[in-house]
$ cat final_32.txt   # compact mmCIF, C-alpha atoms
# COMPACT_ATOMS: atom_id res chain seq x y z
CA MET A 6 172.01 95.30 108.64
CA ASN A 7 170.90 91.96 107.45
CA PHE A 8 168.07 90.60 109.55
CA LEU A 9 166.86 87.15 108.83
CA LEU A 10 163.16 87.57 109.43
CA PRO A 11 161.31 84.63 110.88
CA SER A 12 159.06 83.18 108.26
CA ALA A 13 155.88 83.85 110.25
CA ALA A 14 156.45 87.60 110.18
CA ILE A 15 156.76 87.81 106.41
CA ASP A 16 154.90 84.66 105.42
CA PRO A 17 151.76 86.01 103.71
CA ILE A 18 149.97 82.71 104.26
CA HIS A 19 150.39 82.71 108.00
CA GLN A 20 147.40 84.97 108.51
CA PHE A 21 145.09 82.22 107.23
CA GLN A 22 146.37 79.68 109.77
CA VAL A 23 143.60 78.14 111.82
CA THR A 24 144.51 77.64 115.46
CA LYS A 25 142.43 75.95 118.10
CA TRP A 26 141.15 78.10 120.93
CA LEU A 27 139.02 75.46 122.60
CA GLU A 28 139.38 71.75 121.99
CA LEU A 29 136.06 70.12 121.16
CA ASN A 30 135.70 66.59 119.90
CA ILE A 31 132.28 65.09 119.35
CA GLY A 32 132.05 61.50 118.16
CA GLY A 33 135.57 61.51 116.86
CA VAL A 34 134.97 64.64 114.79
CA ASP A 35 137.15 67.62 115.57
CA LEU A 36 134.73 70.52 116.15
CA SER A 37 137.17 72.72 118.04
CA PHE A 38 136.37 76.38 118.55
CA THR A 39 139.14 77.98 116.50
CA ASN A 40 140.24 81.51 115.75
CA ALA A 41 138.10 81.23 112.59
CA SER A 42 135.06 80.39 114.71
CA GLY A 43 135.96 83.16 117.14
CA PHE A 44 136.05 85.86 114.50
CA MET A 45 132.90 84.47 112.89
CA LEU A 46 131.22 84.71 116.29
CA LEU A 47 132.48 88.28 116.61
CA GLY A 48 130.96 89.15 113.23
CA VAL A 49 127.60 87.66 114.19
CA VAL A 50 127.64 89.36 117.59
CA LEU A 51 128.53 92.71 116.00
CA THR A 52 125.78 92.33 113.38
CA ILE A 53 123.18 91.48 116.00
CA ALA A 54 124.41 94.23 118.33
CA PHE A 55 124.41 96.86 115.60
CA PHE A 56 120.98 96.06 114.23
CA GLY A 57 119.57 95.17 117.63
CA VAL A 58 120.50 98.50 119.16
CA ALA A 59 119.55 100.40 116.02
CA ALA A 60 116.14 98.77 115.76
CA SER A 61 115.31 98.73 119.47
CA LYS A 62 114.04 102.31 119.75
CA GLY A 63 111.93 102.35 116.59
CA LEU A 64 111.93 106.15 116.56
CA LEU A 65 109.72 107.96 114.11
CA VAL A 66 112.56 110.40 113.51
CA PRO A 67 115.54 108.03 113.41
CA SER A 68 118.79 108.50 115.26
CA ARG A 69 122.01 108.20 113.27
CA LEU A 70 122.46 104.55 114.15
CA GLN A 71 118.84 103.74 113.34
CA SER A 72 119.15 105.64 110.09
CA MET A 73 122.17 103.52 109.12
CA ALA A 74 120.31 100.30 109.90
CA GLU A 75 117.30 101.52 107.91
CA ILE A 76 119.51 102.40 104.97
CA GLY A 77 120.94 98.86 105.13
CA TYR A 78 117.42 97.45 105.27
CA GLY A 79 116.29 99.56 102.33
CA PHE A 80 119.42 98.76 100.35
CA VAL A 81 118.93 94.99 100.60
CA ALA A 82 115.15 95.24 100.18
CA ASP A 83 115.54 97.31 96.99
CA MET A 84 118.13 94.85 95.71
CA VAL A 85 115.84 91.85 96.28
CA ARG A 86 112.81 93.65 94.86
CA GLY A 87 114.74 94.92 91.86
CA VAL A 88 116.24 91.58 90.88
CA ALA A 89 113.71 88.99 92.03
CA GLY A 90 110.51 91.06 92.09
CA GLU A 91 107.92 91.42 94.85
CA GLU A 92 107.70 87.65 95.28
CA GLY A 93 111.42 87.58 96.00
CA LEU A 94 110.80 89.47 99.23
CA LYS A 95 109.98 86.20 101.01
CA PHE A 96 113.73 85.54 100.73
CA PHE A 97 114.57 88.99 102.02
CA PRO A 98 115.68 87.82 105.52
CA PHE A 99 117.89 85.17 103.91
CA VAL A 100 119.60 87.62 101.54
CA PHE A 101 119.87 90.20 104.31
CA THR A 102 121.55 87.66 106.60
CA LEU A 103 123.92 86.53 103.85
CA PHE A 104 124.88 90.07 102.91
CA PHE A 105 125.60 91.28 106.42
CA PHE A 106 127.24 88.02 107.49
CA ILE A 107 129.73 88.34 104.62
CA PHE A 108 129.99 92.12 104.94
CA PHE A 109 130.89 92.02 108.64
CA ALA A 110 133.27 89.07 108.12
CA ASN A 111 135.07 90.97 105.33
CA MET A 112 135.22 94.20 107.31
CA ILE A 113 136.49 92.51 110.46
CA GLY A 114 139.14 90.92 108.23
CA MET A 115 140.38 94.42 107.36
CA VAL A 116 141.46 94.97 110.97
CA PRO A 117 145.15 94.05 111.33
CA TYR A 118 145.71 90.71 113.07
CA ALA A 119 142.05 89.80 112.67
CA PHE A 120 141.12 86.56 110.98
CA THR A 121 139.13 86.78 107.74
CA THR A 122 136.56 83.99 107.91
CA THR A 123 135.56 84.47 104.28
CA SER A 124 139.11 83.71 103.12
CA HIS A 125 138.44 80.01 103.62
CA ILE A 126 136.93 78.08 100.72
CA ILE A 127 135.04 75.81 103.10
CA VAL A 128 133.06 78.78 104.44
CA THR A 129 132.32 80.44 101.10
CA GLY A 130 131.63 77.02 99.56
CA ALA A 131 129.14 76.18 102.29
CA LEU A 132 127.36 79.52 101.83
CA ALA A 133 127.22 79.06 98.04
CA LEU A 134 125.89 75.51 98.45
CA LEU A 135 123.29 76.82 100.88
CA VAL A 136 122.15 79.35 98.27
CA ILE A 137 121.96 76.74 95.52
CA THR A 138 120.16 74.31 97.83
CA VAL A 139 117.58 76.96 98.61
CA VAL A 140 117.21 77.75 94.90
CA ILE A 141 116.78 74.10 93.88
CA GLY A 142 114.60 73.23 96.86
CA TYR A 143 112.28 76.18 96.39
CA GLY A 144 112.25 75.72 92.61
CA PHE A 145 111.08 72.13 92.81
CA MET A 146 108.71 72.85 95.69
CA LYS A 147 106.96 75.65 93.83
CA HIS A 148 107.13 74.52 90.21
CA GLY A 149 107.66 70.76 90.50
CA MET A 150 109.10 69.36 87.29
CA HIS A 151 108.46 72.67 85.53
CA PHE A 152 111.53 73.93 87.33
CA LEU A 153 113.56 71.88 84.84
CA GLY A 154 112.27 74.32 82.22
CA LEU A 155 115.12 76.47 83.48
CA PHE A 156 117.41 74.28 81.40
CA ALA A 157 115.21 74.35 78.31
CA PRO A 158 114.28 77.92 77.43
CA SER A 159 111.20 78.17 75.25
CA LEU A 160 112.06 78.54 71.58
CA GLY A 161 108.72 79.72 70.28
CA ASP A 162 107.40 78.44 66.95
CA MET A 163 109.93 76.15 65.36
CA HIS A 164 110.06 72.87 63.52
CA ILE A 165 110.33 69.89 65.87
CA LEU A 166 113.66 68.82 64.36
CA GLY A 167 115.08 72.31 64.80
CA LYS A 168 113.96 72.29 68.43
CA ILE A 169 115.61 68.94 69.08
CA GLY A 170 118.81 70.12 67.44
CA LEU A 171 118.89 73.37 69.39
CA TYR A 172 118.05 71.72 72.71
CA ALA A 173 120.85 69.22 72.15
CA ILE A 174 123.22 72.18 72.32
CA LEU A 175 121.33 74.47 74.70
CA ILE A 176 120.52 72.06 77.52
CA PRO A 177 124.11 70.96 78.18
CA ILE A 178 125.19 74.62 78.19
CA GLU A 179 122.43 75.56 80.64
CA VAL A 180 123.23 72.58 82.88
CA VAL A 181 126.93 73.40 82.94
CA SER A 182 126.28 77.07 83.68
CA PHE A 183 123.91 76.07 86.49
CA VAL A 184 126.41 73.65 88.00
CA ALA A 185 129.12 76.30 87.72
CA ARG A 186 127.09 78.73 89.82
CA PRO A 187 127.97 77.46 93.30
CA LEU A 188 131.57 77.08 92.18
CA THR A 189 131.93 80.61 90.86
CA LEU A 190 129.90 82.06 93.72
CA SER A 191 132.19 80.52 96.34
CA LEU A 192 135.47 80.94 94.46
CA ARG A 193 134.87 84.61 93.69
CA LEU A 194 134.51 85.58 97.33
CA PHE A 195 137.23 83.21 98.56
CA ALA A 196 139.78 84.26 95.94
CA ASN A 197 139.11 87.96 96.35
CA MET A 198 139.57 87.89 100.11
CA LEU A 199 142.55 85.56 99.97
CA ALA A 200 144.40 87.44 97.24
CA GLY A 201 143.65 90.83 98.77
CA HIS A 202 145.00 89.88 102.16
CA ILE A 203 148.09 88.21 100.68
CA MET A 204 148.82 91.40 98.73
CA LEU A 205 148.37 93.58 101.81
CA LYS A 206 150.69 91.36 103.79
CA LEU A 207 153.28 91.24 101.00
CA PHE A 208 153.47 95.01 100.61
CA ALA A 209 153.56 95.53 104.37
CA ALA A 210 156.38 92.98 104.67
CA PHE A 211 158.20 94.66 101.76
CA ALA A 212 158.04 97.99 103.55
CA VAL A 213 159.56 96.52 106.71
CA ILE A 214 162.20 94.50 104.88
CA GLY A 215 163.14 97.49 102.75
CA LEU A 216 163.68 99.77 105.73
CA THR A 217 165.67 97.20 107.70
CA ALA A 218 167.81 96.22 104.70
CA GLY A 219 168.92 99.78 104.07
CA GLY A 220 170.51 100.95 100.82
CA ILE A 221 168.02 100.69 97.98
CA GLY A 222 165.54 99.50 100.61
CA TYR A 223 165.12 103.10 101.79
CA VAL A 224 163.51 103.75 98.41
CA VAL A 225 161.61 100.50 98.12
CA GLY A 226 160.28 100.55 101.68
CA PRO A 227 158.30 103.81 101.51
CA LEU A 228 157.09 102.94 98.02
CA ALA A 229 155.83 99.60 99.24
CA PHE A 230 154.27 101.28 102.24
CA SER A 231 152.34 103.81 100.14
CA MET A 232 151.26 100.97 97.86
CA GLY A 233 150.05 99.14 100.95
CA VAL A 234 148.00 102.18 102.00
CA ALA A 235 146.43 102.40 98.56
CA LEU A 236 145.73 98.66 98.55
CA ASN A 237 144.13 98.97 101.94
CA ALA A 238 141.61 101.42 100.51
CA LEU A 239 141.02 99.10 97.57
CA GLU A 240 140.51 96.16 99.92
CA PHE A 241 137.85 98.05 101.84
CA LEU A 242 136.06 98.55 98.54
CA VAL A 243 136.48 94.87 97.67
CA ALA A 244 135.21 93.83 101.11
CA GLY A 245 131.96 95.72 100.58
CA LEU A 246 131.68 94.92 96.89
CA GLN A 247 132.12 91.17 97.28
CA ALA A 248 129.40 91.03 99.91
CA TYR A 249 127.18 92.95 97.50
CA VAL A 250 128.09 90.70 94.56
CA PHE A 251 127.37 87.58 96.60
CA ALA A 252 124.00 88.95 97.68
CA ILE A 253 122.92 90.18 94.26
CA LEU A 254 123.91 86.91 92.57
CA THR A 255 121.89 85.11 95.22
CA CYS A 256 118.96 87.29 94.19
CA VAL A 257 119.54 86.45 90.51
CA TYR A 258 119.54 82.71 91.26
CA LEU A 259 116.47 83.04 93.48
CA ASN A 260 114.77 84.85 90.61
CA ASP A 261 115.40 81.74 88.50
CA ALA A 262 113.72 79.64 91.17
CA LEU A 263 110.77 82.04 91.31
CA HIS A 264 110.38 82.45 87.56
CA PRO A 265 112.04 79.48 85.84
CA GLY A 266 110.75 80.27 82.34
CA HIS A 267 113.26 82.56 80.64
CA MET B 30 162.64 97.32 117.37
CA LEU B 31 159.63 96.42 115.26
CA ILE B 32 161.45 93.45 113.83
CA ALA B 33 162.31 92.26 117.30
CA LEU B 34 158.65 92.44 118.26
CA LEU B 35 157.60 90.60 115.13
CA ALA B 36 160.23 87.98 115.69
CA GLU B 37 159.15 87.48 119.27
CA GLY B 38 155.54 87.08 118.22
CA ALA B 39 156.48 84.70 115.48
CA ALA B 40 158.65 82.56 117.71
CA GLN B 41 155.56 81.58 119.67
CA GLY B 42 153.82 80.53 116.45
CA HIS B 43 154.86 77.77 114.20
CA LEU B 44 158.49 77.29 113.32
CA PRO B 45 159.77 77.24 109.79
CA ASP B 46 160.43 73.76 108.48
CA ASP B 47 162.22 72.68 105.39
CA ALA B 48 158.99 71.35 103.95
CA PRO B 49 156.70 74.13 102.66
CA PRO B 50 153.90 74.78 105.16
CA PRO B 51 150.47 73.57 104.05
CA PHE B 52 148.14 76.12 102.53
CA PRO B 53 145.64 76.71 105.38
CA PRO B 54 142.44 77.13 103.33
CA PHE B 55 143.04 73.69 101.79
CA GLU B 56 143.89 71.92 105.03
CA THR B 57 141.18 69.46 105.92
CA TRP B 58 141.50 69.07 109.68
CA HIS B 59 139.62 72.29 110.48
CA MET B 60 136.87 71.89 107.91
CA PRO B 61 134.36 70.01 110.10
CA SER B 62 134.77 72.58 112.84
CA GLN B 63 134.42 75.44 110.34
CA LEU B 64 131.21 73.92 108.95
CA PHE B 65 129.88 73.21 112.42
CA TRP B 66 130.41 76.73 113.72
CA LEU B 67 129.26 78.29 110.45
CA ALA B 68 126.02 76.33 110.65
CA ILE B 69 125.41 77.35 114.26
CA LEU B 70 126.35 80.99 113.83
CA PHE B 71 124.65 81.53 110.48
CA THR B 72 121.44 79.94 111.77
CA THR B 73 121.59 82.04 114.91
CA LEU B 74 122.09 85.19 112.87
CA TYR B 75 119.32 84.24 110.45
CA PHE B 76 116.73 83.62 113.14
CA THR B 77 117.73 86.60 115.24
CA LEU B 78 117.45 88.88 112.23
CA SER B 79 114.32 87.40 110.67
CA ARG B 80 112.36 86.87 113.90
CA TRP B 81 113.38 89.84 115.96
CA ILE B 82 115.27 92.63 114.24
CA LEU B 83 113.90 92.81 110.69
CA PRO B 84 110.21 92.86 111.77
CA LYS B 85 111.04 95.70 114.13
CA LEU B 86 112.79 97.67 111.41
CA SER B 87 110.00 97.10 108.91
CA ASP B 88 107.41 98.08 111.56
CA THR B 89 109.22 101.32 112.14
CA LEU B 90 109.49 102.04 108.43
CA GLU B 91 105.82 101.23 107.90
CA LYS B 92 104.77 103.36 110.85
CA ARG B 93 106.79 106.24 109.48
CA SER B 94 105.39 105.99 105.97
CA ASP B 95 101.85 105.73 107.42
CA ARG B 96 102.47 108.78 109.52
CA ILE B 97 103.86 110.73 106.57
CA ALA B 98 100.90 109.71 104.42
CA SER B 99 98.38 110.72 107.08
CA ASP B 100 100.20 114.00 107.71
CA LEU B 101 100.14 114.74 103.99
CA ASP B 102 96.43 113.90 103.91
CA GLN B 103 95.75 116.25 106.76
CA ALA B 104 97.80 118.97 105.13
CA ALA B 105 95.83 118.56 101.90
CA ARG B 106 92.57 118.68 103.85
CA LEU B 107 93.60 121.82 105.70
CA ASN B 108 94.70 123.36 102.44
CA ASP B 109 91.29 122.62 100.94
CA GLN B 110 89.62 124.18 103.94
CA ALA B 111 91.77 127.28 103.63
CA THR B 112 90.94 127.58 99.95
CA GLU B 113 87.24 127.22 100.73
CA ALA B 114 87.46 129.88 103.43
CA GLN B 115 89.25 132.15 101.02
CA GLN B 116 86.56 131.67 98.40
CA ALA B 117 83.83 132.31 100.96
CA LEU B 118 85.62 135.46 102.04
CA GLU B 119 85.90 136.69 98.48
CA LEU B 120 82.22 135.97 97.88
CA ARG B 121 81.29 137.87 101.03
CA LEU B 122 83.49 140.78 100.02
CA ALA B 123 81.92 140.93 96.57
CA GLN B 124 78.44 140.86 98.11
CA ALA B 125 79.33 143.61 100.53
CA ARG B 126 80.79 145.70 97.76
CA ASN B 127 77.63 145.27 95.65
CA LYS B 128 75.45 146.19 98.58
CA ALA B 129 77.50 149.27 99.30
CA ARG B 130 77.29 150.36 95.70
CA GLU B 131 73.53 149.82 95.68
CA THR B 132 73.06 151.78 98.88
CA SER B 133 75.12 154.68 97.65
CA GLU B 134 73.30 154.71 94.34
CA LYS B 135 69.95 154.71 96.08
CA ALA B 136 71.06 157.50 98.39
CA SER B 137 72.31 159.67 95.56
CA GLU B 138 69.11 159.09 93.61
CA LYS B 139 67.00 160.06 96.58
CA MET B 140 69.08 163.11 97.13
CA ALA B 141 68.73 164.12 93.49
CA THR B 142 64.93 163.82 93.58
CA GLU B 143 64.75 165.70 96.85
CA MET B 144 66.94 168.39 95.48
CA ALA B 145 64.82 168.70 92.31
CA ALA B 146 61.65 168.96 94.36
CA GLU B 147 63.14 171.58 96.64
CA THR B 148 64.45 173.57 93.70
CA ALA B 149 61.06 173.52 92.02
CA ARG B 150 59.34 174.63 95.22
CA VAL B 151 61.79 177.43 95.79
CA ASP B 152 61.54 178.50 92.14
CA ALA B 153 57.74 178.65 92.36
CA GLU B 154 57.94 180.72 95.54
CA ILE B 155 60.40 183.09 93.97
CA ALA B 156 58.20 183.46 90.91
CA LYS B 157 55.18 184.23 93.09
CA LYS B 158 57.11 186.85 95.02
CA LEU B 159 58.37 188.41 91.80
CA GLU B 160 54.82 188.62 90.48
CA ALA B 161 53.62 190.35 93.66
CA ALA B 162 56.53 192.73 93.49
CA ASP B 163 55.78 193.52 89.82
CA ALA B 164 52.14 194.22 90.63
CA ARG B 165 53.14 196.49 93.45
CA ILE B 166 55.62 198.34 91.28
CA ALA B 167 52.94 198.86 88.60
CA SER B 168 50.39 200.21 91.08
CA LEU B 169 53.02 202.46 92.62
CA ARG B 170 53.97 203.76 89.23
CA ALA B 171 50.30 204.40 88.29
CA SER B 172 49.65 206.32 91.46
CA ALA B 173 52.86 208.25 90.95
CA MET B 174 51.83 209.17 87.44
CA LYS B 175 48.47 210.41 88.74
CA ASN B 176 50.24 212.65 91.22
CA VAL B 177 52.52 213.98 88.45
CA GLU B 178 49.43 215.04 86.40
CA GLN B 179 47.94 216.80 89.38
CA ILE B 180 51.26 218.54 90.02
CA ALA B 181 51.41 219.58 86.41
CA VAL B 182 47.82 220.95 86.53
CA ASP B 183 48.54 222.83 89.73
CA THR B 184 51.78 224.19 88.28
CA ALA B 185 49.98 225.26 85.09
CA GLU B 186 47.24 227.03 87.10
CA VAL B 187 49.83 228.89 89.15
CA MET B 188 51.78 229.86 86.04
CA THR B 189 48.63 231.08 84.14
CA ALA B 190 47.58 232.98 87.25
CA ARG B 191 51.00 234.70 87.31
CA PHE B 192 50.49 235.68 83.66
CA GLY B 193 47.14 237.19 84.79
CA LEU B 194 45.07 234.78 82.89
CA LYS B 195 42.26 232.80 84.16
CA ALA B 196 41.66 229.28 82.99
CA SER B 197 39.11 226.81 84.08
CA ALA B 198 40.22 223.66 85.85
CA ALA B 199 38.79 221.44 83.10
CA ASP B 200 40.70 223.25 80.40
CA LEU B 201 43.92 223.00 82.30
CA LYS B 202 43.44 219.41 82.90
CA SER B 203 42.72 218.58 79.27
CA ALA B 204 45.68 220.68 78.17
CA VAL B 205 48.07 218.86 80.55
CA SER B 206 46.82 215.51 79.56
CA ALA B 207 47.14 216.47 75.87
CA ALA B 208 50.72 217.59 76.50
CA MET B 209 51.54 214.46 78.35
CA GLU B 210 49.95 212.43 75.63
CA LYS B 211 52.03 214.23 72.97
CA LYS B 212 55.16 213.49 74.83

$ encode --input "final_32.txt" --output "structure tokens"
Amino acid sequence: MNFLLPSAAIDPIHQFQVTKWLELNIGGVDLSFTNASGFMLLGVVLTIAFFGVAASKGLLVPSRLQSMAEIGYGFVADMVRGVAGEEGLKFFPFVFTLFFFIFFANMIGMVPYAFTTTSHIIVTGALALLVITVVIGYGFMKHGMHFLGLFAPSLGDMHILGKIGLYAILIPIEVVSFVARPLTLSLRLFANMLAGHIMLKLFAAFAVIGLTAGGIGYVVGPLAFSMGVALNALEFLVAGLQAYVFAILTCVYLNDALHPGH
Amino acid sequence: MLIALLAEGAAQGHLPDDAPPPFPPFETWHMPSQLFWLAILFTTLYFTLSRWILPKLSDTLEKRSDRIASDLDQAARLNDQATEAQQALELRLAQARNKARETSEKASEKMATEMAAETARVDAEIAKKLEAADARIASLRASAMKNVEQIAVDTAEVMTARFGLKASAADLKSAVSAAMEKK
């Protein structure tokens, strides 16, 4: 009983493979509609369908679906209001879109054989850059050069030499931490989704290999399978949590743009 | 069985090479297409949500909170009205009770005075009747006493006559009256 499994079946990386569904080449740039684009489209369509249907009736006493959509609305609104204050609510549609875009992408990724769009650094990186662009753009638009005060927190009453000395240390730290934001924001989501799906695939493959190998495999297989079940539950948590983390950090950064003085 | 299926599915995919396969998230060929479709889809989602769906949801929520607020207002108003009505009722009841007490007091007073007047009248009448009766008794007794004297005189005359004596009427009379006086 020694099967040589084809690498695609056990290769944990195979699930991240991008394959073209529709060739599209504009001006020499490959803009093909791929499986990644397809599942992203599915996520967007599901989000619009869910909220569209839920919001369409506008019942005074909500149906279950409407109630769910309203809870989602309230959840994001409270998050924005809590972190960035009442002024932050002008970014509410942006944060709402980000949260549910990532949430649906992550959740669709939990379906076996589905493609997880958020497991690609280019997608999470673009979203993080979008957030930082909005933060910087709005910061300069609203506060002009005062937005740079973000890097130089006020020190109160202090001798001028002390201030210079402290700022010499503080400003580089603040700049580095600000530059690190888009990096950490994108890497956190990317790495979580990537690692989670690799683990799921590995344990699932272990279960199959164990059972086909026989012998000690009859012990390892079921163990790996139950581990896979437990990991599946964990990954559902991570899928929701990472969308939440991305959204709440966006709110924190937007709060900096709204109120740059520490 | 499962393995066969997996193998069949995999055979259609890429074939294992000696060189390690590239790590898909770091491949560059699909990045422009990923960015392109992300831009289109994210923008679509953003505008659909912010222009169409979120205003609808917030309208509904606002309408509901308005409705709840107005319902609560109305409930408070009705409650106030009920309290007022209750107070008015209690006031009315107290007034009615006072009036009833007054009326009954007045009635009992009137009755008492009437009764006193009637009693006095009846007492006076009774006293008058008693007086008349007393007078009549006295006159009857006086006349009776006069008769007794006459009887005694007559009896004395008869008795002296039986003894063969003769006494004048005046003597008899004075003797009887002296005897009666002595008694």

$ interface_residues --input "final_32.txt" --of "chain A" --to "chain B" --cutoff "7 Å" --atoms "all atoms listed in the file" --output "short mmCIF file (atom, residue, chain, number, x, y, z; two decimals) with C-alpha atoms, in the coordinates of the input"
data_model
loop_
_atom_site.label_atom_id
_atom_site.label_comp_id
_atom_site.auth_asym_id
_atom_site.auth_seq_id
_atom_site.Cartn_x
_atom_site.Cartn_y
_atom_site.Cartn_z
CA LEU A 10 163.16 87.57 109.43
CA PRO A 11 161.31 84.63 110.88
CA SER A 12 159.06 83.18 108.26
CA ALA A 13 155.88 83.85 110.25
CA ALA A 14 156.45 87.60 110.18
CA PHE A 21 145.09 82.22 107.23
CA GLN A 22 146.37 79.68 109.77
CA VAL A 23 143.60 78.14 111.82
CA ASP A 35 137.15 67.62 115.57
CA LEU A 36 134.73 70.52 116.15
CA SER A 37 137.17 72.72 118.04
CA SER A 42 135.06 80.39 114.71
CA LEU A 46 131.22 84.71 116.29
CA VAL A 49 127.60 87.66 114.19
CA PHE A 56 120.98 96.06 114.23
CA GLY A 57 119.57 95.17 117.63
CA ALA A 60 116.14 98.77 115.76
CA GLY A 63 111.93 102.35 116.59
CA LEU A 65 109.72 107.96 114.11
CA GLU A 75 117.30 101.52 107.91
CA PRO A 98 115.68 87.82 105.52
CA PHE A 99 117.89 85.17 103.91
CA THR A 102 121.55 87.66 106.60
CA HIS A 125 138.44 80.01 103.62
CA ILE A 126 136.93 78.08 100.72
CA ILE A 127 135.04 75.81 103.10
CA VAL A 128 133.06 78.78 104.44
#

$ atom_distance --input "final_32.txt" --atom1 "CA of Leu254 (chain A)" --atom2 "CA of Val181 (chain A)"
16.9 Å

$ closest_residue --input "final_32.txt" --among "A:Gly130, A:Gly33, A:Gly245, A:Gly233" --to "Lys206 (chain A)" --atoms "all atoms listed in the file"
A:Gly233

$ atom_distance --input "final_32.txt" --atom1 "CA of Asp109 (chain B)" --atom2 "CA of Asn127 (chain B)"
27.0 Å

$ atom_distance --input "final_32.txt" --atom1 "CA of Asp162 (chain A)" --atom2 "CA of Pro265 (chain A)"
19.5 Å

$ residues_around --input "final_32.txt" --residues "Ser197 (chain B)" --least-positions-apart "4" --cutoff "12 Å" --atoms "only C-alpha atoms" --output "PyMOL selection string"
chain B and resi 182-183+185-186+189-190+201-204

$ closest_residue --input "final_32.txt" --among "A:Leu47, A:Leu190, A:Ala196, A:Val81" --to "Phe251 (chain A)" --atoms "all atoms listed in the file"
A:Leu190

$ residues_near_point --input "final_32.txt" --point "(155.5, 95.9, 99.9)" --cutoff "9 Å" --atoms "all atoms listed in the file" --output "number ranges by chain"
A: 204-215, 225-233

$ residues_around --input "final_32.txt" --residues "Leu192 (chain A)" --least-positions-apart "5" --cutoff "10 Å" --atoms "only C-alpha atoms" --output "ChimeraX atom specification"
/A:124-126,129-130,133,186-187,197-198

$ residues_near_point --input "final_32.txt" --point "(142.3, 78.6, 121.7)" --cutoff "10 Å" --atoms "all atoms listed in the file" --output "mmCIF file with C-alpha atoms, in the frame of the given file"
data_model
loop_
_atom_site.group_PDB
_atom_site.id
_atom_site.type_symbol
_atom_site.label_atom_id
_atom_site.label_comp_id
_atom_site.auth_asym_id
_atom_site.auth_seq_id
_atom_site.Cartn_x
_atom_site.Cartn_y
_atom_site.Cartn_z
ATOM 1 C CA VAL A 23 143.600 78.140 111.820
ATOM 2 C CA THR A 24 144.510 77.640 115.460
ATOM 3 C CA LYS A 25 142.430 75.950 118.100
ATOM 4 C CA TRP A 26 141.150 78.100 120.930
ATOM 5 C CA LEU A 27 139.020 75.460 122.600
ATOM 6 C CA GLU A 28 139.380 71.750 121.990
ATOM 7 C CA SER A 37 137.170 72.720 118.040
ATOM 8 C CA PHE A 38 136.370 76.380 118.550
ATOM 9 C CA THR A 39 139.140 77.980 116.500
ATOM 10 C CA ASN A 40 140.240 81.510 115.750
ATOM 11 C CA GLY A 43 135.960 83.160 117.140
#

$ residues_around --input "final_32.txt" --residues "Val243 (chain A)" --least-positions-apart "6" --cutoff "12 Å" --atoms "all atoms listed in the file" --output "short mmCIF file (atom, residue, chain, number, x, y, z; two decimals) with C-alpha atoms, in the frame of the given file"
data_model
loop_
_atom_site.label_atom_id
_atom_site.label_comp_id
_atom_site.auth_asym_id
_atom_site.auth_seq_id
_atom_site.Cartn_x
_atom_site.Cartn_y
_atom_site.Cartn_z
CA ILE A 107 129.73 88.34 104.62
CA PHE A 108 129.99 92.12 104.94
CA ASN A 111 135.07 90.97 105.33
CA MET A 112 135.22 94.20 107.31
CA GLY A 114 139.14 90.92 108.23
CA MET A 115 140.38 94.42 107.36
CA ARG A 193 134.87 84.61 93.69
CA LEU A 194 134.51 85.58 97.33
CA PHE A 195 137.23 83.21 98.56
CA ALA A 196 139.78 84.26 95.94
CA ASN A 197 139.11 87.96 96.35
CA MET A 198 139.57 87.89 100.11
CA LEU A 199 142.55 85.56 99.97
CA ALA A 200 144.40 87.44 97.24
CA GLY A 201 143.65 90.83 98.77
CA HIS A 202 145.00 89.88 102.16
CA LEU A 236 145.73 98.66 98.55
CA ASN A 237 144.13 98.97 101.94
CA TYR A 249 127.18 92.95 97.50
CA VAL A 250 128.09 90.70 94.56
CA PHE A 251 127.37 87.58 96.60
#

$ build_atoms --input "final_32.txt" --residues "region 58-65 of chain B" --atoms "N, CA and C atoms" --output "mmCIF file, keeping the file's coordinate frame"
data_model
loop_
_atom_site.group_PDB
_atom_site.id
_atom_site.type_symbol
_atom_site.label_atom_id
_atom_site.label_comp_id
_atom_site.auth_asym_id
_atom_site.auth_seq_id
_atom_site.Cartn_x
_atom_site.Cartn_y
_atom_site.Cartn_z
ATOM 1 N N TRP B 58 141.814 69.388 108.285
ATOM 2 C CA TRP B 58 141.500 69.070 109.680
ATOM 3 C C TRP B 58 140.484 70.040 110.294
ATOM 4 N N HIS B 59 140.506 71.309 109.837
ATOM 5 C CA HIS B 59 139.620 72.290 110.480
ATOM 6 C C HIS B 59 138.273 72.411 109.783
ATOM 7 N N MET B 60 138.106 71.689 108.679
ATOM 8 C CA MET B 60 136.870 71.890 107.910
ATOM 9 C C MET B 60 135.595 71.481 108.666
ATOM 10 N N PRO B 61 135.595 70.335 109.341
ATOM 11 C CA PRO B 61 134.360 70.010 110.100
ATOM 12 C C PRO B 61 134.033 71.079 111.128
ATOM 13 N N SER B 62 135.048 71.564 111.822
ATOM 14 C CA SER B 62 134.770 72.580 112.840
ATOM 15 C C SER B 62 134.276 73.874 112.193
ATOM 16 N N GLN B 63 134.868 74.228 111.052
ATOM 17 C CA GLN B 63 134.420 75.440 110.340
ATOM 18 C C GLN B 63 132.943 75.298 109.956
ATOM 19 N N LEU B 64 132.597 74.144 109.380
ATOM 20 C CA LEU B 64 131.210 73.920 108.950
ATOM 21 C C LEU B 64 130.271 73.940 110.146
ATOM 22 N N PHE B 65 130.704 73.292 111.218
ATOM 23 C CA PHE B 65 129.880 73.210 112.420
ATOM 24 C C PHE B 65 129.569 74.599 112.965
#
